[in-house]
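Asks: Got a file for you: run20.cif, mmCIF, C-alpha atoms.
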data_coords
loop_
_atom_site.label_atom_id
_atom_site.label_comp_id
_atom_site.auth_asym_id
_atom_site.auth_seq_id
_atom_site.Cartn_x
_atom_site.Cartn_y
_atom_site.Cartn_z
CA MET A 1 107.91 -43.44 125.11
CA ASN A 2 106.81 -40.00 126.22
CA GLN A 3 103.02 -39.85 125.82
CA GLY A 4 103.15 -36.05 125.92
CA TYR A 5 104.47 -35.54 122.39
CA ALA A 6 102.64 -32.87 120.39
CA VAL A 7 103.12 -32.38 116.65
CA LEU A 8 101.94 -29.42 114.60
CA GLY A 9 100.11 -30.69 111.52
CA ILE A 10 99.87 -28.34 108.54
CA ASP A 11 97.68 -29.14 105.53
CA ILE A 12 98.56 -26.90 102.56
CA GLY A 13 95.60 -26.91 100.19
CA GLY A 14 94.94 -25.01 97.02
CA THR A 15 92.60 -22.51 98.70
CA HIS A 16 93.34 -22.78 102.44
CA ILE A 17 96.11 -23.77 104.82
CA LYS A 18 94.86 -25.58 107.92
CA ALA A 19 96.94 -26.26 111.01
CA GLY A 20 96.46 -27.81 114.43
CA VAL A 21 98.39 -29.41 117.28
CA VAL A 22 97.94 -33.19 117.43
CA ASP A 23 98.74 -35.64 120.23
CA LEU A 24 99.43 -39.38 120.03
CA GLN A 25 95.74 -40.16 120.45
CA GLY A 26 94.82 -38.04 117.43
CA HIS A 27 93.23 -35.19 119.35
CA ILE A 28 93.53 -31.78 117.67
CA SER A 29 93.86 -28.48 119.53
CA ASP A 30 94.64 -24.89 118.56
CA GLU A 31 93.19 -25.45 115.08
CA VAL A 32 93.43 -22.50 112.68
CA SER A 33 92.85 -21.88 108.98
CA VAL A 34 94.04 -19.15 106.61
CA ALA A 35 93.04 -18.44 103.03
CA VAL A 36 95.68 -18.87 100.34
CA GLY A 37 96.23 -15.49 98.72
CA GLU A 38 98.70 -14.51 96.03
CA GLU A 39 101.44 -13.71 98.54
CA ILE A 40 101.27 -17.19 100.06
CA ARG A 41 101.80 -18.70 96.62
CA THR A 42 105.36 -17.33 96.70
CA GLU A 43 108.07 -19.13 98.67
CA THR A 44 108.80 -16.22 100.99
CA GLY A 45 105.11 -15.55 101.57
CA LEU A 46 104.46 -19.18 102.44
CA ILE A 47 107.34 -19.36 104.93
CA ARG A 48 106.12 -16.19 106.61
CA THR A 49 102.61 -17.63 106.94
CA LEU A 50 103.83 -21.01 108.20
CA LYS A 51 105.96 -19.30 110.84
CA GLU A 52 102.95 -17.31 112.00
CA LEU A 53 100.96 -20.53 112.31
CA TYR A 54 103.84 -22.18 114.15
CA ASN A 55 104.08 -19.29 116.61
CA ALA A 56 100.31 -19.19 117.13
CA CYS A 57 99.87 -22.93 117.67
CA GLY A 58 102.99 -23.47 119.74
CA THR A 59 102.14 -21.06 122.53
CA THR A 60 100.01 -23.43 124.62
CA GLN A 61 102.29 -26.48 124.59
CA LYS A 62 105.78 -27.50 123.58
CA LEU A 63 105.95 -28.88 120.04
CA SER A 64 108.06 -31.94 119.29
CA ALA A 65 107.90 -31.74 115.47
CA VAL A 66 106.08 -30.24 112.49
CA GLY A 67 104.44 -32.28 109.75
CA ILE A 68 103.37 -30.71 106.44
CA GLY A 69 101.18 -32.26 103.75
CA VAL A 70 101.10 -30.68 100.30
CA ALA A 71 99.97 -31.75 96.85
CA GLY A 72 102.70 -32.42 94.33
CA VAL A 73 105.94 -34.28 93.76
CA ILE A 74 107.68 -34.44 97.13
CA ASP A 75 111.18 -35.56 98.06
CA ALA A 76 110.22 -36.48 101.61
CA GLN A 77 113.72 -37.43 102.70
CA ALA A 78 115.19 -34.09 101.61
CA GLY A 79 112.12 -32.06 102.56
CA ILE A 80 111.82 -30.62 99.05
CA VAL A 81 108.68 -29.82 97.05
CA THR A 82 109.90 -30.67 93.55
CA GLN A 83 106.74 -29.29 92.00
CA SER A 84 103.16 -28.65 93.05
CA PRO A 85 100.09 -28.22 90.81
CA ASN A 86 98.60 -25.68 93.21
CA PHE A 87 101.79 -23.59 93.45
CA PRO A 88 103.50 -23.33 90.06
CA LEU A 89 106.02 -20.78 91.39
CA TRP A 90 107.57 -23.47 93.58
CA ASP A 91 110.44 -25.16 91.76
CA ASN A 92 112.55 -27.59 93.82
CA PHE A 93 111.45 -25.60 96.86
CA ALA A 94 113.51 -26.65 99.92
CA LEU A 95 110.50 -26.19 102.18
CA ALA A 96 111.84 -27.99 105.26
CA GLN A 97 115.16 -26.15 105.15
CA LYS A 98 113.62 -22.71 104.58
CA PHE A 99 111.04 -23.26 107.32
CA SER A 100 113.75 -24.41 109.72
CA GLU A 101 115.88 -21.35 108.91
CA SER A 102 112.95 -19.11 109.83
CA GLY A 103 113.48 -20.08 113.46
CA VAL A 104 111.76 -23.45 113.80
CA ASP A 105 113.95 -25.59 116.05
CA VAL A 106 112.11 -28.94 115.86
CA PRO A 107 112.24 -31.65 113.15
CA ILE A 108 110.12 -30.92 110.05
CA PHE A 109 108.51 -33.66 107.96
CA ILE A 110 107.17 -33.01 104.43
CA GLU A 111 104.86 -35.45 102.64
CA ASN A 112 102.59 -35.63 99.60
CA ASP A 113 99.04 -34.86 100.75
CA ALA A 114 97.48 -38.11 99.52
CA ASN A 115 100.23 -40.11 101.21
CA SER A 116 99.63 -38.09 104.37
CA VAL A 117 95.91 -38.86 104.43
CA ALA A 118 96.54 -42.58 103.93
CA LEU A 119 99.13 -42.63 106.70
CA GLY A 120 96.75 -40.72 108.93
CA GLU A 121 94.02 -43.30 108.40
CA VAL A 122 96.50 -46.07 109.24
CA LEU A 123 97.60 -44.31 112.42
CA PHE A 124 94.35 -42.76 113.64
CA GLY A 125 91.44 -43.89 111.46
CA SER A 126 89.69 -46.62 109.52
CA ALA A 127 92.88 -48.32 108.32
CA LYS A 128 94.37 -49.13 111.74
CA GLY A 129 96.12 -52.49 111.62
CA ILE A 130 96.01 -52.76 107.82
CA ARG A 131 99.39 -53.58 106.28
CA ASN A 132 98.49 -53.69 102.58
CA LEU A 133 96.26 -50.96 101.22
CA ILE A 134 95.31 -49.02 98.11
CA PHE A 135 94.06 -45.60 99.19
CA LEU A 136 92.43 -43.01 96.93
CA THR A 137 91.57 -39.43 97.78
CA LEU A 138 88.64 -38.22 95.68
CA GLY A 139 88.58 -34.46 95.87
CA THR A 140 89.22 -31.70 93.35
CA GLY A 141 91.47 -34.28 91.70
CA VAL A 142 92.31 -37.90 92.48
CA GLY A 143 95.28 -38.70 94.69
CA GLY A 144 96.55 -42.10 95.69
CA ALA A 145 98.82 -43.90 98.10
CA LEU A 146 100.07 -47.46 98.42
CA ILE A 147 100.77 -49.08 101.78
CA LEU A 148 102.64 -52.35 101.23
CA ASN A 149 103.85 -54.59 104.05
CA GLY A 150 103.06 -51.83 106.51
CA GLU A 151 105.19 -49.23 104.74
CA LEU A 152 104.38 -46.37 102.39
CA TRP A 153 105.59 -47.36 98.93
CA ARG A 154 107.19 -44.34 97.29
CA GLY A 155 108.78 -45.86 94.19
CA GLU A 156 112.20 -45.00 92.79
CA SER A 157 111.48 -41.30 92.30
CA GLY A 158 108.87 -40.79 95.01
CA MET A 159 105.89 -40.73 92.67
CA ALA A 160 104.32 -44.13 93.34
CA GLY A 161 100.59 -43.94 93.91
CA GLU A 162 99.65 -41.43 91.20
CA ILE A 163 96.46 -43.40 90.65
CA GLY A 164 94.59 -40.35 89.40
CA HIS A 165 96.74 -40.44 86.28
CA MET A 166 96.05 -44.02 85.33
CA VAL A 167 94.50 -43.91 81.86
CA VAL A 168 91.07 -45.51 82.00
CA PHE A 169 89.73 -44.18 78.69
CA PRO A 170 92.38 -43.89 75.94
CA HIS A 171 91.67 -40.80 73.80
CA GLY A 172 89.38 -39.54 76.58
CA HIS A 173 89.20 -36.11 78.16
CA PRO A 174 92.49 -34.16 78.25
CA CYS A 175 94.16 -34.01 81.65
CA GLY A 176 96.35 -31.33 83.18
CA CYS A 177 99.22 -33.82 83.27
CA GLY A 178 99.32 -33.80 79.46
CA SER A 179 97.72 -37.20 78.93
CA PHE A 180 94.16 -38.13 77.94
CA GLY A 181 91.52 -40.19 79.72
CA CYS A 182 93.07 -40.13 83.20
CA LEU A 183 90.96 -41.38 86.11
CA GLU A 184 91.09 -37.89 87.64
CA GLN A 185 88.95 -36.59 84.80
CA TYR A 186 86.10 -38.97 85.71
CA ALA A 187 86.26 -39.66 89.46
CA SER A 188 86.90 -36.27 91.06
CA GLN A 189 84.98 -33.06 91.61
CA VAL A 190 86.34 -31.94 88.23
CA GLY A 191 84.93 -35.09 86.65
CA LEU A 192 81.61 -34.73 88.46
CA ARG A 193 81.30 -31.14 87.28
CA ARG A 194 81.82 -32.25 83.69
CA ALA A 195 79.31 -35.07 84.08
CA VAL A 196 76.72 -32.65 85.43
CA MET A 197 77.24 -30.30 82.49
CA GLU A 198 77.22 -33.09 79.90
CA ARG A 199 73.92 -34.43 81.23
CA GLU A 200 72.48 -30.93 81.49
CA LEU A 201 71.44 -31.69 85.05
CA GLU A 202 68.81 -29.18 86.11
CA ILE A 203 70.16 -27.32 89.13
CA ASP A 204 68.62 -24.20 90.59
CA ASP A 205 71.17 -21.39 90.48
CA ALA A 206 73.50 -23.67 88.47
CA SER A 207 76.11 -20.94 87.96
CA ARG A 208 76.74 -20.95 91.71
CA TRP A 209 76.66 -24.68 92.33
CA ILE A 210 78.78 -25.81 89.41
CA ASN A 211 81.99 -24.45 90.98
CA ASP A 212 80.99 -24.88 94.61
CA PRO A 213 83.10 -27.27 96.76
CA ASN A 214 79.79 -28.73 97.98
CA LEU A 215 78.77 -29.79 94.47
CA PRO A 216 79.28 -33.55 95.24
CA LYS A 217 76.87 -33.36 98.18
CA PHE A 218 74.35 -31.39 96.18
CA VAL A 219 74.40 -33.88 93.29
CA ALA A 220 74.32 -36.77 95.78
CA ASP A 221 71.17 -35.33 97.38
CA LEU A 222 69.56 -35.17 93.94
CA ALA A 223 70.58 -38.75 93.24
CA VAL A 224 69.13 -39.97 96.55
CA SER A 225 65.87 -38.24 95.66
CA GLY A 226 65.74 -40.31 92.45
CA ASN A 227 67.05 -37.84 89.87
CA GLU A 228 68.14 -40.08 86.99
CA ALA A 229 70.74 -37.71 85.56
CA ALA A 230 72.39 -37.38 88.97
CA LEU A 231 72.39 -41.16 89.39
CA GLU A 232 74.05 -41.51 85.98
CA CYS A 233 76.81 -39.12 87.09
CA PHE A 234 77.76 -41.42 89.95
CA GLU A 235 77.31 -44.57 87.88
CA SER A 236 79.87 -43.34 85.34
CA MET A 237 82.20 -42.36 88.19
CA GLY A 238 81.92 -45.85 89.66
CA TYR A 239 82.66 -47.42 86.30
CA ALA A 240 85.86 -45.40 85.87
CA LEU A 241 87.00 -46.20 89.41
CA GLY A 242 86.26 -49.88 88.86
CA LEU A 243 88.43 -49.99 85.75
CA ALA A 244 91.39 -48.54 87.63
CA LEU A 245 90.93 -50.64 90.75
CA GLY A 246 90.56 -53.86 88.77
CA SER A 247 93.96 -53.29 87.17
CA LEU A 248 95.52 -52.29 90.49
CA LEU A 249 94.23 -55.43 92.21
CA ASN A 250 95.66 -57.63 89.46
CA VAL A 251 99.05 -56.00 89.99
CA LEU A 252 99.13 -55.58 93.79
CA ASN A 253 96.77 -58.30 95.09
CA VAL A 254 95.83 -56.40 98.26
CA LYS A 255 92.70 -57.01 100.31
CA HIS A 256 91.85 -53.46 101.38
CA ILE A 257 90.86 -50.36 99.42
CA GLY A 258 90.24 -47.06 101.18
CA LEU A 259 88.52 -43.95 99.87
CA GLY A 260 88.88 -40.44 101.26
CA GLY A 261 88.19 -36.89 100.15
CA GLY A 262 84.97 -34.96 99.73
CA VAL A 263 83.62 -37.00 96.81
CA ALA A 264 84.01 -40.24 98.80
CA ALA A 265 81.05 -39.19 100.96
CA ALA A 266 78.88 -40.26 98.00
CA PHE A 267 80.36 -43.79 98.08
CA PRO A 268 76.97 -45.54 98.49
CA LEU A 269 75.90 -44.05 95.17
CA PHE A 270 78.82 -45.40 93.14
CA GLU A 271 79.79 -48.48 95.16
CA VAL A 272 77.77 -51.01 93.11
CA PRO A 273 79.01 -49.98 89.62
CA MET A 274 82.54 -49.57 90.99
CA ARG A 275 82.63 -53.01 92.58
CA HIS A 276 80.95 -54.70 89.61
CA THR A 277 83.42 -53.17 87.14
CA MET A 278 86.37 -53.89 89.42
CA GLU A 279 85.39 -57.54 89.69
CA SER A 280 84.77 -57.78 85.95
CA HIS A 281 88.33 -56.59 85.28
CA SER A 282 90.29 -58.61 87.84
CA PHE A 283 90.86 -62.25 88.67
CA ARG A 284 88.38 -63.83 91.08
CA ALA A 285 91.19 -64.95 93.36
CA VAL A 286 92.32 -61.32 93.52
CA HIS A 287 89.02 -59.53 94.12
CA SER A 288 87.30 -62.07 96.38
CA ASN A 289 87.05 -60.83 99.97
CA VAL A 290 88.39 -57.37 99.07
CA LYS A 291 87.13 -54.88 101.64
CA ILE A 292 86.35 -51.33 100.51
CA PHE A 293 85.92 -48.66 103.16
CA THR A 294 85.77 -44.89 103.48
CA GLY A 295 88.13 -42.91 105.69
CA SER A 296 86.92 -41.86 109.13
CA LEU A 297 89.01 -38.72 109.68
CA GLY A 298 86.74 -36.41 107.67
CA ASN A 299 87.74 -32.76 107.51
CA SER A 300 90.59 -33.45 109.96
CA ALA A 301 92.30 -35.90 107.60
CA GLY A 302 94.77 -33.35 106.24
CA ILE A 303 95.99 -32.12 109.63
CA LEU A 304 96.10 -35.58 111.23
CA GLY A 305 97.75 -37.11 108.19
CA ALA A 306 100.44 -34.44 108.08
CA THR A 307 101.57 -35.50 111.56
CA ALA A 308 101.71 -39.23 110.74
CA PRO A 309 105.36 -39.37 109.54
CA ALA A 310 106.51 -37.62 112.71
CA PHE A 311 104.49 -39.90 114.98
CA ALA A 312 105.75 -42.95 113.08
CA ARG A 313 109.31 -41.84 113.88
CA ILE A 314 108.36 -41.22 117.51
CA THR A 315 106.74 -44.66 117.78
CA ASN A 316 109.73 -46.42 116.24
CA ASN A 317 112.57 -44.42 117.82
CA GLY A 318 111.10 -42.86 120.92
CA SER A 319 111.68 -39.35 119.55
CA PRO A 320 111.22 -37.49 116.26
#
Would you mind giving the structure from this file in structure tokens?
Replies:
Amino acid sequence: MNQGYAVLGIDIGGTHIKAGVVDLQGHISDEVSVAVGEEIRTETGLIRTLKELYNACGTTQKLSAVGIGVAGVIDAQAGIVTQSPNFPLWDNFALAQKFSESGVDVPIFIENDANSVALGEVLFGSAKGIRNLIFLTLGTGVGGALILNGELWRGESGMAGEIGHMVVFPHGHPCGCGSFGCLEQYASQVGLRRAVMERELEIDDASRWINDPNLPKFVADLAVSGNEAALECFESMGYALGLALGSLLNVLNVKHIGLGGGVAAAFPLFEVPMRHTMESHSFRAVHSNVKIFTGSLGNSAGILGATAPAFARITNNGSP
């Protein structure tokens, strides 16, 4: 196998698009980031921006493939974004085809962002060698991915792993998906923001912090300092996660659970209530010896994960 393969990884987020060239060892070069404006939210605007990134990142070395991670319902085989919560104007958007037609002459891989991060951890990070895994991304929302027998489990319609929309509290808070009491409303930055407001947590300059992406770290710092309201925020988060994971373990019987995303950095603060609740809601034979870990790819998880499907093809076939 040619060790010189380089894949352009593109992480399409709700506020920024990040890109970088990745090699087989997981090293990133030529990393760039652009803000998502209104033009990018259109199909033509996105393709124009992606082509600019492709041209900028592909000048220093020959690219073998492009991998793109994006939130939403993805038909990975066809390269179509069926729908995306961050980009409501996209409707059955043939992203791979349109990007290819813009003058990209290498294979293009499209994947759901949570799936991408999980695959990235398996290829480059904390989940190396793990064949059966439940992986959750705790960010603005809650994403999920299932790795079973060493393969990403997509389900019949490609939507397997929507763990954030497991109902943990019937008749609970309304969710953007149309249901009530979904895990996402309790174990994400959205859920943490609500918990902070419900507990009237005293925060200096609260109007700025309440919508800041760094809110989880700020509340975590308060919790570490002994602030009881902040500790309660993470305790309730752990309880909700434990309810979901207990049910998942009873169904899937895996031995590894991974956590990624910005909120996962506060894992030590919600680990005990999460594990206690998980064990209280699953069979002993199922939860004994379960290992829970946090991802190691950090802020690079989106870019590295986006390249994982391409590198998997390269590893298996010798080319993308």
Asks: Have a look at A:Val272, A:Cys175, A:Ile314, A:Ala187 and name the one nearest to Leu136 of chain A; count only C-alpha atoms.
Replies: A:Ala187
Asks: Using all atoms listed in the file, can you tell me which of A:Val190, A:Leu138, A:Ile17, A:Ile80 comes closest to Leu46 of chain A?
Replies: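 The answer is A:Ile17, which sits nearest to Leu46 of chain A.
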Asks: Could you list, as a PDB file with C-alpha atoms, in the coordinates of the input, every residue matched by the PyMOL selection byres ((chain A and resi 185) around 9) in this structure?
Replies:
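And here's result.pdb as it stands now:
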ATOM      1  CA  GLY A 141      91.470 -34.280  91.700  1.00  0.00           C
ATOM      2  CA  VAL A 142      92.310 -37.900  92.480  1.00  0.00           C
ATOM      3  CA  GLY A 164      94.590 -40.350  89.400  1.00  0.00           C
ATOM      4  CA  HIS A 165      96.740 -40.440  86.280  1.00  0.00           C
ATOM      5  CA  GLY A 172      89.380 -39.540  76.580  1.00  0.00           C
ATOM      6  CA  HIS A 173      89.200 -36.110  78.160  1.00  0.00           C
ATOM      7  CA  PRO A 174      92.490 -34.160  78.250  1.00  0.00           C
ATOM      8  CA  CYS A 175      94.160 -34.010  81.650  1.00  0.00           C
ATOM      9  CA  PHE A 180      94.160 -38.130  77.940  1.00  0.00           C
ATOM     10  CA  GLY A 181      91.520 -40.190  79.720  1.00  0.00           C
ATOM     11  CA  CYS A 182      93.070 -40.130  83.200  1.00  0.00           C
ATOM     12  CA  LEU A 183      90.960 -41.380  86.110  1.00  0.00           C
ATOM     13  CA  GLU A 184      91.090 -37.890  87.640  1.00  0.00           C
ATOM     14  CA  TYR A 186      86.100 -38.970  85.710  1.00  0.00           C
ATOM     15  CA  ALA A 187      86.260 -39.660  89.460  1.00  0.00           C
ATOM     16  CA  SER A 188      86.900 -36.270  91.060  1.00  0.00           C
ATOM     17  CA  GLN A 189      84.980 -33.060  91.610  1.00  0.00           C
ATOM     18  CA  VAL A 190      86.340 -31.940  88.230  1.00  0.00           C
ATOM     19  CA  GLY A 191      84.930 -35.090  86.650  1.00  0.00           C
ATOM     20  CA  LEU A 192      81.610 -34.730  88.460  1.00  0.00           C
ATOM     21  CA  ARG A 194      81.820 -32.250  83.690  1.00  0.00           C
TER      22      ARG A 194
END
Asks: Suppose a student applies the PyMOL selection byres ((chain A and resi 283) around 10) to this structure; what residues should they get, written as number ranges by chain?
Replies: A: 246-247, 249-250, 253, 278-282, 284-288
Asks: List, as number ranges by chain, every residue that the PyMOL selection byres ((chain A and resi 111) around 7) selects in the file provided.
Replies: A: 68-70, 74, 76, 109-110, 112-113, 115-116
Asks: List as a list of chain:residue names the protein and nucleic acid residues near Phe135 of chain A, meaning an atom at most 6 Å away when all atoms listed in the file are counted, but skip any in the same chain fewer than 5 places from it.
Replies: A:Gly144, A:Ala145, A:Ile257, A:Gly258, A:Leu259
Asks: Excluding Gly242 of chain A and its own-chain neighbours fewer than 2 positions away, which residues fall within 6 Å of it when counting all atoms listed in the file? Please give them as a PyMOL selection string.
Replies: chain A and resi 238-240+244-246+274+277-278
Asks: Could you tell me which of A:Glu235, A:Ala312, A:Val167, A:Lys98 comes closest to Leu152 of chain A if we count all atoms listed in the file?
Replies: A:Ala312
Asks: Could you check which of A:Ser300, A:Asn227, A:Gln61, A:Asn92 is closest to Ile10 of chain A, using all atoms listed in the file?
Replies: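 Among the listed residues, the smallest separation from Ile10 of chain A belongs to A:Ser300.
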Asks: Between atom CA of Gly260 of chain A and atom CA of Glu31 of chain A, what is the spacing in Å?
Replies: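 Computed distance, atom CA of Glu31 of chain A to atom CA of Gly260 of chain A, equals 20.8 Å.
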Asks: In Å, how far is it from atom CA of Gly26 of chain A to atom CA of Pro268 of chain A?
Replies: 27.1 Å
Asks: From the options A:Pro88, A:Asp11, A:Val36, A:Leu119, which residue's atoms come nearest to Ala310 of chain A, counting all atoms listed in the file?
Replies: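 Of A:Pro88, A:Asp11, A:Val36, A:Leu119, the one nearest Ala310 of chain A, counting all atoms listed in the file, is A:Leu119.
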Asks: Any idea what the distance is between atom CA of Leu215 of chain A and atom CA of Val263 of chain A?
Replies: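 That distance, rounded to one decimal, is 9.0 Å.
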Asks: Pick from A:Val73, A:Val117, A:Gly67, A:Gly125: nearest to Gly155 of chain A, with all atoms listed in the file counted?
Replies: A:Val73
Asks: Around (82.2, -40.8, 102.9) in the file's frame, which residues reach within 9 Å when counting all atoms listed in the file? Return as a ChimeraX atom specification?
Replies: /A:259-268,293-296,298
Asks: Excluding Thr44 of chain A and any residue of its chain fewer than 4 positions from it, enumerate the residues within 12 Å of it, using all atoms listed in the file, and give them as a PyMOL selection string.
Replies: chain A and resi 38-40+48-51+89-90+93-95+98-99+101-102
